[in-house]
$ cat run07.csv   # CSV, C-alpha atoms
chain,number,residue,atom,x,y,z
D,195,MET,CA,0.0,0.0,0.0
D,196,LYS,CA,1.2,3.5,-0.8
D,197,ASN,CA,0.6,5.3,2.5
D,198,ASN,CA,1.6,8.8,1.8
D,199,ILE,CA,-1.2,9.5,-0.7
D,200,THR,CA,-4.8,10.5,-0.3
D,201,ILE,CA,-6.9,10.1,-3.5
D,202,ILE,CA,-10.0,12.2,-3.8
D,203,ILE,CA,-12.5,11.3,-6.5
D,204,SER,CA,-15.1,14.0,-7.1
D,205,CYS,CA,-18.4,12.7,-8.3
D,206,ALA,CA,-21.0,15.0,-6.7
D,207,GLY,CA,-22.5,16.5,-9.8
D,208,MET,CA,-25.2,15.5,-12.3
D,209,GLY,CA,-24.5,14.1,-15.8
D,210,THR,CA,-26.9,16.5,-17.4
D,211,ARG,CA,-24.9,17.0,-20.6
D,212,LEU,CA,-24.7,13.3,-21.0
D,213,GLY,CA,-28.5,13.1,-20.8
D,214,ILE,CA,-28.4,10.1,-18.4
D,215,GLY,CA,-30.2,11.7,-15.4
D,216,THR,CA,-27.7,9.9,-13.2
D,217,THR,CA,-24.4,10.9,-11.7
D,218,LYS,CA,-21.6,10.1,-14.2
D,219,ALA,CA,-19.8,7.9,-11.8
D,220,LEU,CA,-22.5,5.3,-12.3
D,221,VAL,CA,-22.7,5.3,-16.0
D,222,ASP,CA,-22.0,1.9,-17.5
D,223,VAL,CA,-18.7,1.8,-19.4
D,224,ALA,CA,-18.1,-1.6,-21.1
D,225,GLY,CA,-20.0,-3.6,-18.5
D,226,LYS,CA,-19.3,-1.8,-15.2
D,227,PRO,CA,-19.8,1.6,-13.6
D,228,LEU,CA,-17.2,4.3,-14.4
D,229,ILE,CA,-16.2,4.6,-10.8
D,230,ILE,CA,-15.5,0.9,-10.5
D,231,HIS,CA,-13.1,1.2,-13.5
D,232,GLN,CA,-11.4,3.9,-11.5
D,233,LEU,CA,-11.2,2.0,-8.3
D,234,GLU,CA,-9.9,-1.1,-10.0
D,235,GLN,CA,-6.9,1.0,-11.0
D,236,LEU,CA,-6.4,2.2,-7.4
D,237,LYS,CA,-6.1,-1.2,-5.6
D,238,ASP,CA,-2.7,-0.3,-4.2
D,239,TYR,CA,-4.0,2.8,-2.4
D,240,ASP,CA,-5.7,2.7,1.0
D,241,ASP,CA,-6.8,6.3,1.5
D,242,ILE,CA,-9.5,6.9,-1.1
D,243,ARG,CA,-12.2,9.5,-0.6
D,244,VAL,CA,-15.2,9.6,-2.9
D,245,VAL,CA,-17.0,12.9,-2.8
D,246,VAL,CA,-20.7,12.4,-3.4
D,247,GLY,CA,-23.7,14.7,-3.7
D,248,TYR,CA,-26.4,14.0,-6.4
D,249,GLN,CA,-27.7,10.5,-5.9
D,250,ALA,CA,-25.2,10.0,-3.0
D,251,GLU,CA,-26.8,6.9,-1.7
D,252,ARG,CA,-26.7,5.1,-5.1
D,253,VAL,CA,-23.0,5.9,-5.5
D,254,ILE,CA,-22.2,4.8,-1.9
D,255,ASP,CA,-24.0,1.6,-2.5
D,256,VAL,CA,-22.1,0.7,-5.6
D,257,VAL,CA,-18.8,1.7,-4.1
D,258,LYS,CA,-19.1,0.0,-0.7
D,259,ASN,CA,-20.1,-3.2,-2.3
D,260,TYR,CA,-16.9,-3.2,-4.2
D,261,ARG,CA,-14.7,-2.0,-1.3
D,262,ASN,CA,-15.7,-1.1,2.2
D,263,ASP,CA,-12.7,1.0,3.3
D,264,ILE,CA,-13.6,4.1,1.3
D,265,THR,CA,-14.2,7.4,2.9
D,266,PHE,CA,-17.3,9.2,1.6
D,267,ALA,CA,-17.4,13.0,1.8
D,268,PHE,CA,-20.6,14.9,1.0
D,269,ASN,CA,-21.0,18.0,-1.1
D,270,TYR,CA,-24.6,18.8,-1.4
D,271,ASP,CA,-23.8,22.2,-2.8
D,272,TYR,CA,-22.9,20.6,-6.2
D,273,LYS,CA,-25.3,22.8,-8.2
D,274,THR,CA,-23.6,26.1,-7.1
D,275,THR,CA,-20.0,25.1,-6.6
D,276,GLY,CA,-17.2,23.7,-8.8
D,277,THR,CA,-15.0,20.6,-8.4
D,278,ALA,CA,-12.7,22.6,-6.0
D,279,ALA,CA,-15.5,22.5,-3.4
D,280,SER,CA,-15.7,18.7,-3.6
D,281,PHE,CA,-11.9,18.3,-3.7
D,282,SER,CA,-11.5,20.6,-0.7
D,283,LYS,CA,-14.1,18.6,1.2
D,284,GLY,CA,-11.9,15.5,0.8
D,285,LEU,CA,-8.8,17.3,2.0
D,286,ILE,CA,-9.5,17.2,5.7
D,287,GLY,CA,-6.9,15.1,7.5
D,288,ALA,CA,-5.4,14.1,4.1
D,289,ARG,CA,-1.9,12.6,3.9
D,290,GLU,CA,1.4,14.2,2.6
D,291,TYR,CA,0.1,14.2,-1.0
D,292,SER,CA,-3.4,14.6,-2.2
D,293,VAL,CA,-4.6,13.6,-5.7
D,294,ALA,CA,-7.5,15.3,-7.4
D,295,PHE,CA,-9.4,12.9,-9.7
D,296,ASP,CA,-12.6,13.8,-11.5
D,297,GLY,CA,-15.4,11.2,-11.3
D,298,ASP,CA,-15.9,11.4,-15.1
D,299,LEU,CA,-12.4,10.7,-16.1
D,300,LEU,CA,-10.9,7.5,-17.4
D,301,VAL,CA,-7.1,7.2,-17.5
D,302,ASN,CA,-4.9,4.7,-19.2
D,303,PRO,CA,-3.8,2.5,-16.3
D,304,LYS,CA,-0.1,2.6,-17.0
D,305,ASP,CA,-0.2,6.4,-17.2
D,306,LEU,CA,-2.2,6.7,-14.0
D,307,LYS,CA,0.3,4.5,-12.2
D,308,CYS,CA,3.2,6.6,-13.5
D,309,LEU,CA,1.6,9.8,-12.4
D,310,LEU,CA,0.6,8.5,-8.9
D,311,GLU,CA,4.1,7.1,-8.3
D,312,TYR,CA,5.9,10.2,-9.5
D,313,GLU,CA,8.1,11.6,-6.8
D,314,GLY,CA,6.7,15.1,-6.2
D,315,GLU,CA,3.9,17.3,-7.4
D,316,VAL,CA,2.6,16.7,-10.9
D,317,ILE,CA,-0.3,17.6,-13.2
D,318,GLY,CA,-1.8,15.4,-15.8
D,319,GLY,CA,-2.2,16.9,-19.3
D,320,CYS,CA,-3.5,15.5,-22.5
D,321,ASN,CA,-3.9,16.6,-26.2
D,322,PRO,CA,-6.8,19.0,-26.4
D,323,THR,CA,-10.0,17.1,-27.3
D,324,THR,CA,-13.0,18.3,-25.4
D,325,ASP,CA,-15.4,21.1,-26.6
D,326,ASN,CA,-14.6,23.7,-24.0
D,327,PRO,CA,-11.1,22.8,-22.7
D,328,VAL,CA,-9.1,24.5,-20.0
D,329,LEU,CA,-5.7,24.7,-21.6
D,330,MET,CA,-2.2,24.7,-20.0
D,331,SER,CA,0.8,26.5,-21.3
D,332,ILE,CA,3.9,24.5,-20.8
D,333,GLU,CA,7.5,25.8,-20.3
D,334,ASN,CA,10.4,23.5,-19.4
D,335,GLY,CA,8.1,20.6,-18.7
D,336,CYS,CA,6.0,22.6,-16.2
D,337,VAL,CA,2.6,24.2,-16.3
D,338,VAL,CA,3.0,27.9,-16.1
D,339,ARG,CA,-0.5,29.1,-17.1
D,340,PHE,CA,-4.1,27.9,-17.3
D,341,SER,CA,-6.3,29.5,-19.9
D,342,ARG,CA,-9.5,29.0,-21.9
D,343,ASP,CA,-7.8,30.4,-25.1
D,344,PHE,CA,-4.4,28.9,-25.6
D,345,GLY,CA,-2.0,26.3,-24.4
D,346,GLN,CA,-0.4,23.2,-25.7
D,347,LEU,CA,-2.1,20.6,-23.4
D,348,GLU,CA,-5.5,20.2,-21.9
D,349,TRP,CA,-6.1,20.1,-18.2
D,350,THR,CA,-7.4,16.7,-17.3
D,351,GLY,CA,-8.5,17.4,-13.7
D,352,LEU,CA,-5.8,15.0,-12.4
D,353,ALA,CA,-3.1,16.4,-10.2
D,354,LYS,CA,-0.9,15.1,-7.4
D,355,MET,CA,-0.1,17.9,-4.9
D,356,LYS,CA,1.5,18.4,-1.5
D,357,THR,CA,-1.5,18.7,0.8
D,358,GLU,CA,0.1,21.4,2.9
D,359,ARG,CA,0.4,23.7,-0.1
D,360,LEU,CA,-3.3,23.5,-1.0
D,361,THR,CA,-5.8,26.2,0.1
D,362,PRO,CA,-9.4,25.0,-0.1
D,363,GLY,CA,-11.6,26.7,-2.7
D,364,ASN,CA,-15.0,26.3,-4.2
D,365,GLN,CA,-14.6,27.0,-7.9
D,366,HIS,CA,-12.3,24.9,-10.1
D,367,VAL,CA,-9.5,22.7,-8.9
D,368,TYR,CA,-7.1,24.4,-11.4
D,369,MET,CA,-7.7,27.7,-9.7
D,370,MET,CA,-6.3,26.1,-6.5
D,371,LEU,CA,-3.2,25.2,-8.5
D,372,GLU,CA,-2.6,28.6,-10.1
D,373,PRO,CA,-0.8,30.2,-7.2
D,374,LEU,CA,1.5,27.2,-6.9
D,375,MET,CA,2.8,27.1,-10.5
D,376,PRO,CA,5.1,26.2,-12.1
D,377,ILE,CA,4.2,22.5,-11.5
D,378,LYS,CA,5.6,19.6,-13.4
D,379,VAL,CA,3.3,18.3,-16.2
D,380,MET,CA,3.0,14.6,-17.3
D,381,LYS,CA,1.3,13.8,-20.6
D,382,ILE,CA,-1.3,11.1,-20.1
D,383,GLN,CA,-4.0,9.3,-22.2
D,384,THR,CA,-7.5,10.0,-20.9
D,385,LYS,CA,-11.1,10.0,-21.9
D,386,GLU,CA,-13.5,12.4,-20.2
D,387,ILE,CA,-17.2,11.7,-20.5
D,388,ASP,CA,-19.2,14.9,-20.9
D,389,THR,CA,-21.4,14.2,-23.9
D,390,GLN,CA,-23.0,11.3,-25.8
D,391,ASN,CA,-20.2,11.5,-28.3
D,392,ASP,CA,-17.6,11.3,-25.5
D,393,TYR,CA,-19.3,8.3,-24.1
D,394,GLU,CA,-19.3,6.3,-27.3
D,395,LYS,CA,-15.6,7.1,-27.8
D,396,ALA,CA,-14.8,6.2,-24.2
D,397,VAL,CA,-16.5,2.8,-24.4
D,398,LYS,CA,-14.5,1.9,-27.5
D,399,TRP,CA,-11.4,3.1,-25.9
D,400,VAL,CA,-11.9,1.0,-22.8
D,401,LEU,CA,-12.7,-2.1,-24.9
D,402,ASN,CA,-9.5,-1.5,-26.8
D,403,GLY,CA,-7.5,-1.7,-23.6
D,404,PHE,CA,-7.6,2.0,-22.6
D,405,SER,CA,-6.0,3.1,-25.9
D,406,GLU,CA,-6.9,4.3,-29.4
P,193,MET,CA,-4.3,20.3,18.0
P,194,SER,CA,-8.0,21.0,17.3
P,195,ASP,CA,-10.6,22.1,19.8
P,196,TYR,CA,-13.1,19.4,18.7
P,197,ILE,CA,-15.2,17.5,21.2
P,198,PHE,CA,-16.2,14.1,19.9
P,199,LEU,CA,-19.8,12.9,20.5
P,200,PHE,CA,-20.7,9.3,19.8
P,201,ASP,CA,-24.0,7.6,19.4
P,202,LEU,CA,-23.8,4.2,21.2
P,203,ASP,CA,-26.0,1.7,19.4
P,204,SER,CA,-24.4,0.3,16.2
P,205,THR,CA,-21.9,3.1,16.3
P,206,ILE,CA,-19.8,1.8,19.2
P,207,THR,CA,-21.5,-1.5,19.6
P,208,GLN,CA,-21.2,-4.1,16.9
P,209,LYS,CA,-24.7,-5.3,17.7
P,210,GLU,CA,-27.9,-3.3,18.4
P,211,ILE,CA,-28.4,-3.4,22.2
P,212,LEU,CA,-32.1,-3.6,22.7
P,213,PRO,CA,-32.7,-6.3,19.9
P,214,GLU,CA,-29.7,-8.2,21.3
P,215,ILE,CA,-31.3,-8.4,24.8
P,216,SER,CA,-34.8,-9.1,23.5
P,217,SER,CA,-33.5,-12.1,21.5
P,218,LYS,CA,-32.2,-13.5,24.8
P,219,ILE,CA,-35.8,-13.3,26.2
P,220,GLY,CA,-37.6,-14.4,23.0
P,221,LYS,CA,-39.0,-11.0,22.1
P,222,LEU,CA,-36.8,-10.2,19.2
P,223,SER,CA,-39.5,-9.8,16.4
P,224,GLU,CA,-41.5,-7.3,18.5
P,225,MET,CA,-38.4,-5.3,19.2
P,226,ARG,CA,-37.1,-5.5,15.7
P,227,ARG,CA,-40.3,-4.1,14.2
P,228,LEU,CA,-40.2,-1.1,16.5
P,229,THR,CA,-36.4,-0.5,16.0
P,230,GLU,CA,-36.7,-0.6,12.2
P,231,ALA,CA,-39.6,1.8,12.2
P,232,THR,CA,-37.7,4.2,14.5
P,233,MET,CA,-34.5,4.0,12.4
P,234,ARG,CA,-36.6,4.9,9.3
P,235,GLY,CA,-38.1,7.8,11.2
P,236,GLU,CA,-41.7,6.5,11.1
P,237,LEU,CA,-42.1,6.5,14.9
P,238,PRO,CA,-41.1,9.4,17.1
P,239,PHE,CA,-38.1,8.3,19.0
P,240,LYS,CA,-39.7,8.9,22.4
P,241,THR,CA,-42.8,6.9,21.7
P,242,SER,CA,-40.8,4.0,20.3
P,243,PHE,CA,-38.3,4.1,23.1
P,244,ILE,CA,-41.0,3.9,25.8
P,245,LYS,CA,-42.6,0.9,24.0
P,246,ARG,CA,-39.2,-0.8,23.6
P,247,VAL,CA,-38.5,-0.3,27.3
P,248,GLU,CA,-41.8,-1.9,28.1
P,249,ILE,CA,-40.9,-5.0,26.1
P,250,LEU,CA,-37.9,-5.5,28.4
P,251,SER,CA,-39.6,-4.4,31.6
P,252,ASP,CA,-39.8,-8.0,33.0
P,253,VAL,CA,-36.1,-8.5,32.9
P,254,PRO,CA,-34.2,-7.4,36.1
P,255,VAL,CA,-32.2,-4.2,35.5
P,256,SER,CA,-29.0,-5.7,36.8
P,257,GLU,CA,-29.3,-8.5,34.3
P,258,VAL,CA,-29.8,-6.1,31.4
P,259,ASN,CA,-26.9,-4.0,32.6
P,260,LYS,CA,-24.7,-7.2,32.6
P,261,LEU,CA,-25.8,-8.2,29.1
P,262,VAL,CA,-25.2,-4.7,27.7
P,263,ALA,CA,-21.7,-4.5,29.3
P,264,SER,CA,-20.7,-7.7,27.5
P,265,ILE,CA,-21.9,-6.7,24.0
P,266,PRO,CA,-19.2,-6.8,21.3
P,267,LEU,CA,-17.8,-3.4,20.3
P,268,ASN,CA,-16.3,-1.9,17.2
P,269,LYS,CA,-12.6,-2.2,18.1
P,270,CYS,CA,-11.0,0.8,16.5
P,271,ILE,CA,-13.7,3.3,17.4
P,272,THR,CA,-13.7,2.1,21.0
P,273,GLU,CA,-9.9,2.4,21.1
P,274,PHE,CA,-10.1,5.9,19.9
P,275,ILE,CA,-12.6,6.7,22.7
P,276,MET,CA,-10.5,5.1,25.4
P,277,LYS,CA,-7.3,6.9,24.2
P,278,ASN,CA,-9.0,10.3,24.1
P,279,LYS,CA,-11.3,10.0,27.1
P,280,ASP,CA,-11.2,13.7,28.0
P,281,ARG,CA,-12.5,14.8,24.6
P,282,CYS,CA,-15.2,12.1,24.0
P,283,TYR,CA,-18.8,11.8,25.2
P,284,ILE,CA,-21.5,9.3,24.5
P,285,VAL,CA,-24.9,10.6,23.6
P,286,THR,CA,-27.5,7.9,23.6
P,287,GLY,CA,-31.2,7.4,23.9
P,288,ASN,CA,-30.5,4.3,26.1
P,289,LEU,CA,-31.1,4.2,29.8
P,290,ASP,CA,-28.5,5.1,32.4
P,291,ILE,CA,-29.4,2.1,34.5
P,292,TRP,CA,-28.8,-0.2,31.6
P,293,ILE,CA,-25.6,1.2,30.2
P,294,SER,CA,-23.6,2.2,33.2
P,295,GLY,CA,-21.6,-1.0,33.1
P,296,LEU,CA,-20.7,-0.6,29.4
P,297,MET,CA,-19.8,3.0,30.0
P,298,GLN,CA,-17.4,2.0,32.7
P,299,ARG,CA,-15.9,-0.7,30.4
P,300,ILE,CA,-15.0,1.9,27.7
P,301,GLY,CA,-13.7,4.5,30.1
P,302,MET,CA,-16.8,6.7,29.7
P,303,LYS,CA,-18.0,6.7,33.3
P,304,ASN,CA,-19.5,10.2,33.9
P,305,HIS,CA,-18.9,11.0,30.2
P,306,TYR,CA,-22.3,10.2,28.8
P,307,TYR,CA,-25.7,11.8,28.2
P,308,CYS,CA,-28.7,9.5,28.1
P,309,SER,CA,-32.3,8.8,29.0
P,310,LYS,CA,-32.9,8.1,32.7
P,311,ALA,CA,-35.1,5.8,34.8
P,312,GLU,CA,-35.8,5.0,38.4
P,313,THR,CA,-35.8,1.4,39.7
P,314,LYS,CA,-37.6,-0.5,42.4
P,315,ASN,CA,-36.6,-4.0,43.4
P,316,ASP,CA,-34.3,-4.2,40.4
P,317,HIS,CA,-37.1,-3.3,37.9
P,318,ILE,CA,-37.9,-0.1,36.1
P,319,SER,CA,-40.5,1.9,38.1
P,320,LYS,CA,-40.5,5.1,36.1
P,321,ILE,CA,-38.8,6.7,33.1
P,322,ILE,CA,-37.6,10.1,34.2
P,323,SER,CA,-36.4,11.5,30.9
P,324,VAL,CA,-35.9,10.5,27.3
P,325,VAL,CA,-32.9,12.2,25.7
P,326,ASP,CA,-33.3,14.7,22.9
P,327,LYS,CA,-30.0,14.5,21.2
P,328,GLU,CA,-30.5,17.7,19.2
P,329,LEU,CA,-31.2,19.8,22.4
P,330,MET,CA,-28.3,18.1,24.0
P,331,VAL,CA,-25.7,19.1,21.5
P,332,LYS,CA,-27.0,22.7,21.3
P,333,GLN,CA,-25.7,23.1,24.9
P,334,PHE,CA,-22.1,22.5,23.9
P,335,VAL,CA,-20.0,25.6,23.2
P,336,GLN,CA,-17.0,23.7,21.7
P,337,PRO,CA,-16.9,22.8,18.1
P,338,LEU,CA,-18.2,19.3,17.7
P,339,VAL,CA,-17.5,16.1,15.8
P,340,VAL,CA,-20.5,13.8,15.8
P,341,VAL,CA,-20.6,10.2,14.9
P,342,GLY,CA,-23.9,8.3,14.5
P,343,ASP,CA,-26.0,6.1,12.3
P,344,GLY,CA,-29.7,6.6,13.1
P,345,ASP,CA,-32.5,9.0,12.4
P,346,ASN,CA,-32.3,10.4,15.9
P,347,ASP,CA,-28.7,11.4,15.3
P,348,SER,CA,-29.7,13.8,12.5
P,349,GLY,CA,-30.4,16.6,15.0
P,350,MET,CA,-26.8,16.2,16.4
P,351,ALA,CA,-25.4,16.1,12.9
P,352,LYS,CA,-27.0,19.4,11.9
P,353,PHE,CA,-25.2,21.2,14.7
P,354,ALA,CA,-21.9,19.6,14.3
P,355,GLU,CA,-18.8,21.1,12.7
P,356,VAL,CA,-18.0,17.7,11.3
P,357,ALA,CA,-20.9,15.2,11.1
P,358,ILE,CA,-20.0,11.6,10.4
P,359,GLY,CA,-22.3,8.7,9.5
P,360,PHE,CA,-21.1,5.2,10.5
P,361,GLY,CA,-22.6,2.4,8.4
P,362,GLY,CA,-20.4,-0.5,9.5
P,363,VAL,CA,-23.1,-2.2,11.5
P,364,ARG,CA,-26.3,-1.2,9.8
P,365,ASP,CA,-27.2,1.2,7.0
P,366,ILE,CA,-27.0,4.9,7.8
P,367,ALA,CA,-30.5,6.2,8.2
P,368,PRO,CA,-31.7,8.1,5.0
P,369,SER,CA,-32.5,11.3,7.0
P,370,LEU,CA,-29.0,11.2,8.5
P,371,ILE,CA,-27.3,10.8,5.1
P,372,LYS,CA,-28.8,14.2,4.2
P,373,CYS,CA,-27.0,16.0,6.9
P,374,ILE,CA,-23.5,14.4,7.3
P,375,ASP,CA,-20.2,15.5,5.9
P,376,TYR,CA,-18.5,12.1,5.9
P,377,ALA,CA,-19.5,8.5,5.9
P,378,PHE,CA,-17.6,5.3,6.8
P,379,PHE,CA,-18.3,1.6,6.5
P,380,SER,CA,-15.1,0.4,8.1
P,381,ASP,CA,-14.4,0.8,11.8
P,382,LYS,CA,-10.7,1.3,11.2
P,383,LYS,CA,-11.1,4.0,8.5
P,384,CYS,CA,-13.6,5.8,10.8
P,385,ALA,CA,-11.1,5.8,13.7
P,386,ASP,CA,-8.2,6.8,11.4
P,387,PHE,CA,-10.2,9.8,10.3
P,388,LEU,CA,-11.2,10.8,13.9
P,389,THR,CA,-7.5,10.6,14.8
P,390,ALA,CA,-6.7,13.0,12.0
P,391,LEU,CA,-9.2,15.4,13.5
P,392,LEU,CA,-7.7,15.5,16.9

$ encode --input "run07.csv" --output "structure tokens"
Amino acid sequence: MKNNITIIISCAGMGTRLGIGTTKALVDVAGKPLIIHQLEQLKDYDDIRVVVGYQAERVIDVVKNYRNDITFAFNYDYKTTGTAASFSKGLIGAREYSVAFDGDLLVNPKDLKCLLEYEGEVIGGCNPTTDNPVLMSIENGCVVRFSRDFGQLEWTGLAKMKTERLTPGNQHVYMMLEPLMPIKVMKIQTKEIDTQNDYEKAVKWVLNGFSE
Amino acid sequence: MSDYIFLFDLDSTITQKEILPEISSKIGKLSEMRRLTEATMRGELPFKTSFIKRVEILSDVPVSEVNKLVASIPLNKCITEFIMKNKDRCYIVTGNLDIWISGLMQRIGMKNHYYCSKAETKNDHISKIISVVDKELMVKQFVQPLVVVGDGDNDSGMAKFAEVAIGFGGVRDIAPSLIKCIDYAFFSDKKCADFLTALL
């Protein structure tokens, strides 16, 4: 077990853009709920916190039947707050490093392992693919700016940070990282599920062994 | 170090079994007790009404015998250890009766550290219920910031006034009303105790 890391999976929101009327963590991807895919890749970690809000009881049910040592944190203000509020809720009493992990993100297992085992702070970036990306400008292998307009890589929502450096927020997680830049970036293969189109691509990608 | 005071529900939070059903099974009145307990957990019966009915079911059993049975009930190991290690900052808040739980409270180092319902006895039997605890009113009296741990509908009032409200579902499901007012939920005794330790 890796005992200096706390992993915080944020899945408080609703999957409205996906048109499923359920939280995205529970959407079926190639035969199992998205969150189970994530947890299968986190078997070596023993401090995992799942932040729930919309349909909290359903998410809890699915997760605890898979693994009963998960910490659940509640963010019932998911309609008015961003992922930073959920992430911050999971930070109380967290270990040396905290990892922000969005509940609608699928990551190539090897890439995820690499990022989590990286010695030090690191942000996950990917080639820009989504409709309305937050982009990251990279200099000397580090993220130096987040922007809606330009940048070489897209922000994936995945970051491993020193817990003591983080200040809780309630907008977006990347805004919590901005004052801490530059931060090392690692390019990873991911699929984010926001729309029907994303969903179909993600299913194919998972069936193909988490790769194109 | 934080200023938190830690308040714990007793039944299915500290104990690994539910106290009243456990005792009633020993006297062959489990189904009657179970029905009342379930309805109370779901919030269908006011706690006070249900509690008085449940006490009636056990009224034939000598108080000293119930006290002995309660004192020997299996406990959630890690949560209990947390309480015993941090006696000064922990209190038990339970609807159960003082005359039934005093032995158990002594066993976990919580003698004089609990708030509960009270009854009078005559010839080792309950003669009168003096008060039934209102957990919400109870916690409103604390001036310190509170961490509250519970599992039932009647813990919701405490949860609303806590700085950190925790649901523990390791023994039975967390009541639906409580789920709506907690900040954290645990299903593992150890994980819950680890988290409490981080809040010290």

$ interface_residues --input "run07.csv" --of "chain P" --to "chain D" --cutoff "6 Å" --atoms "all atoms listed in the file" --output "list in words"
Asp375, Tyr376, Ala377, Phe378, Phe379, Ser380 and Ala390 of chain P

$ residues_around --input "run07.csv" --residues "Glu236 in chain P" --least-positions-apart "4" --cutoff "12 Å" --atoms "all atoms listed in the file" --output "ChimeraX atom specification"
/P:227-232,240-242,345-346,367-369

$ write_last_selection --input "run07.csv" --atoms "C-alpha atoms" --output "compact mmCIF listing (two decimals), keeping the file's coordinate frame"
# COMPACT_ATOMS: atom_id res chain seq x y z
CA ARG P 227 -40.30 -4.10 14.20
CA LEU P 228 -40.20 -1.10 16.50
CA THR P 229 -36.40 -0.50 16.00
CA GLU P 230 -36.70 -0.60 12.20
CA ALA P 231 -39.60 1.80 12.20
CA THR P 232 -37.70 4.20 14.50
CA LYS P 240 -39.70 8.90 22.40
CA THR P 241 -42.80 6.90 21.70
CA SER P 242 -40.80 4.00 20.30
CA ASP P 345 -32.50 9.00 12.40
CA ASN P 346 -32.30 10.40 15.90
CA ALA P 367 -30.50 6.20 8.20
CA PRO P 368 -31.70 8.10 5.00
CA SER P 369 -32.50 11.30 7.00

$ residues_around --input "run07.csv" --residues "range 218-231 of chain D" --least-positions-apart "3" --cutoff "6 Å" --atoms "all atoms listed in the file" --output "list in words"
Gly209, Glu234, Gly297, Asp298 and Val397 of chain D

$ closest_residue --input "run07.csv" --among "P:Val341, P:Val258, P:Ile244, P:Ile366" --to "Gly295 in chain P" --atoms "all atoms listed in the file"
P:Val258

$ atom_distance --input "run07.csv" --atom1 "CA of Asn278 in chain P" --atom2 "CA of Asp203 in chain P"
19.6 Å

$ residues_around --input "run07.csv" --residues "Asp392 in chain D" --least-positions-apart "4" --cutoff "10 Å" --atoms "all atoms listed in the file" --output "MDAnalysis selection string"
chainID D and resid 212 323:324 385:388 396:397

$ closest_residue --input "run07.csv" --among "P:Glu328, P:Glu257, P:Asp343, P:Asp290" --to "Asp201 in chain P" --atoms "only C-alpha atoms"
P:Asp343

$ closest_atom_pairs --input "run07.csv" --of "range 223-248 of chain D" --to "range 303-312 of chain D" --cutoff "12 Å" --atoms "only C-alpha atoms" --output "CSV"
residue,atom,partner,partner_atom,distance
D:His231,CA,D:Pro303,CA,9.8
D:Gln232,CA,D:Pro303,CA,9.1
D:Leu233,CA,D:Pro303,CA,10.9
D:Glu234,CA,D:Pro303,CA,9.5
D:Gln235,CA,D:Pro303,CA,6.3
D:Leu236,CA,D:Lys307,CA,8.6
D:Lys237,CA,D:Lys307,CA,10.8
D:Asp238,CA,D:Lys307,CA,9.8
D:Tyr239,CA,D:Leu310,CA,9.8

$ atom_distance --input "run07.csv" --atom1 "CA of Ile275 in chain P" --atom2 "CA of Thr207 in chain P"
12.5 Å

$ atom_distance --input "run07.csv" --atom1 "CA of Thr275 in chain D" --atom2 "CA of Cys205 in chain D"
12.6 Å

$ closest_residue --input "run07.csv" --among "D:Gln383, D:Thr389, D:Ser405, D:Asn259" --to "Gly318 in chain D" --atoms "all atoms listed in the file"
D:Gln383

$ closest_residue --input "run07.csv" --among "P:Ile293, P:Ile215, P:Cys308, P:Val253" --to "Met330 in chain P" --atoms "only C-alpha atoms"
P:Cys308
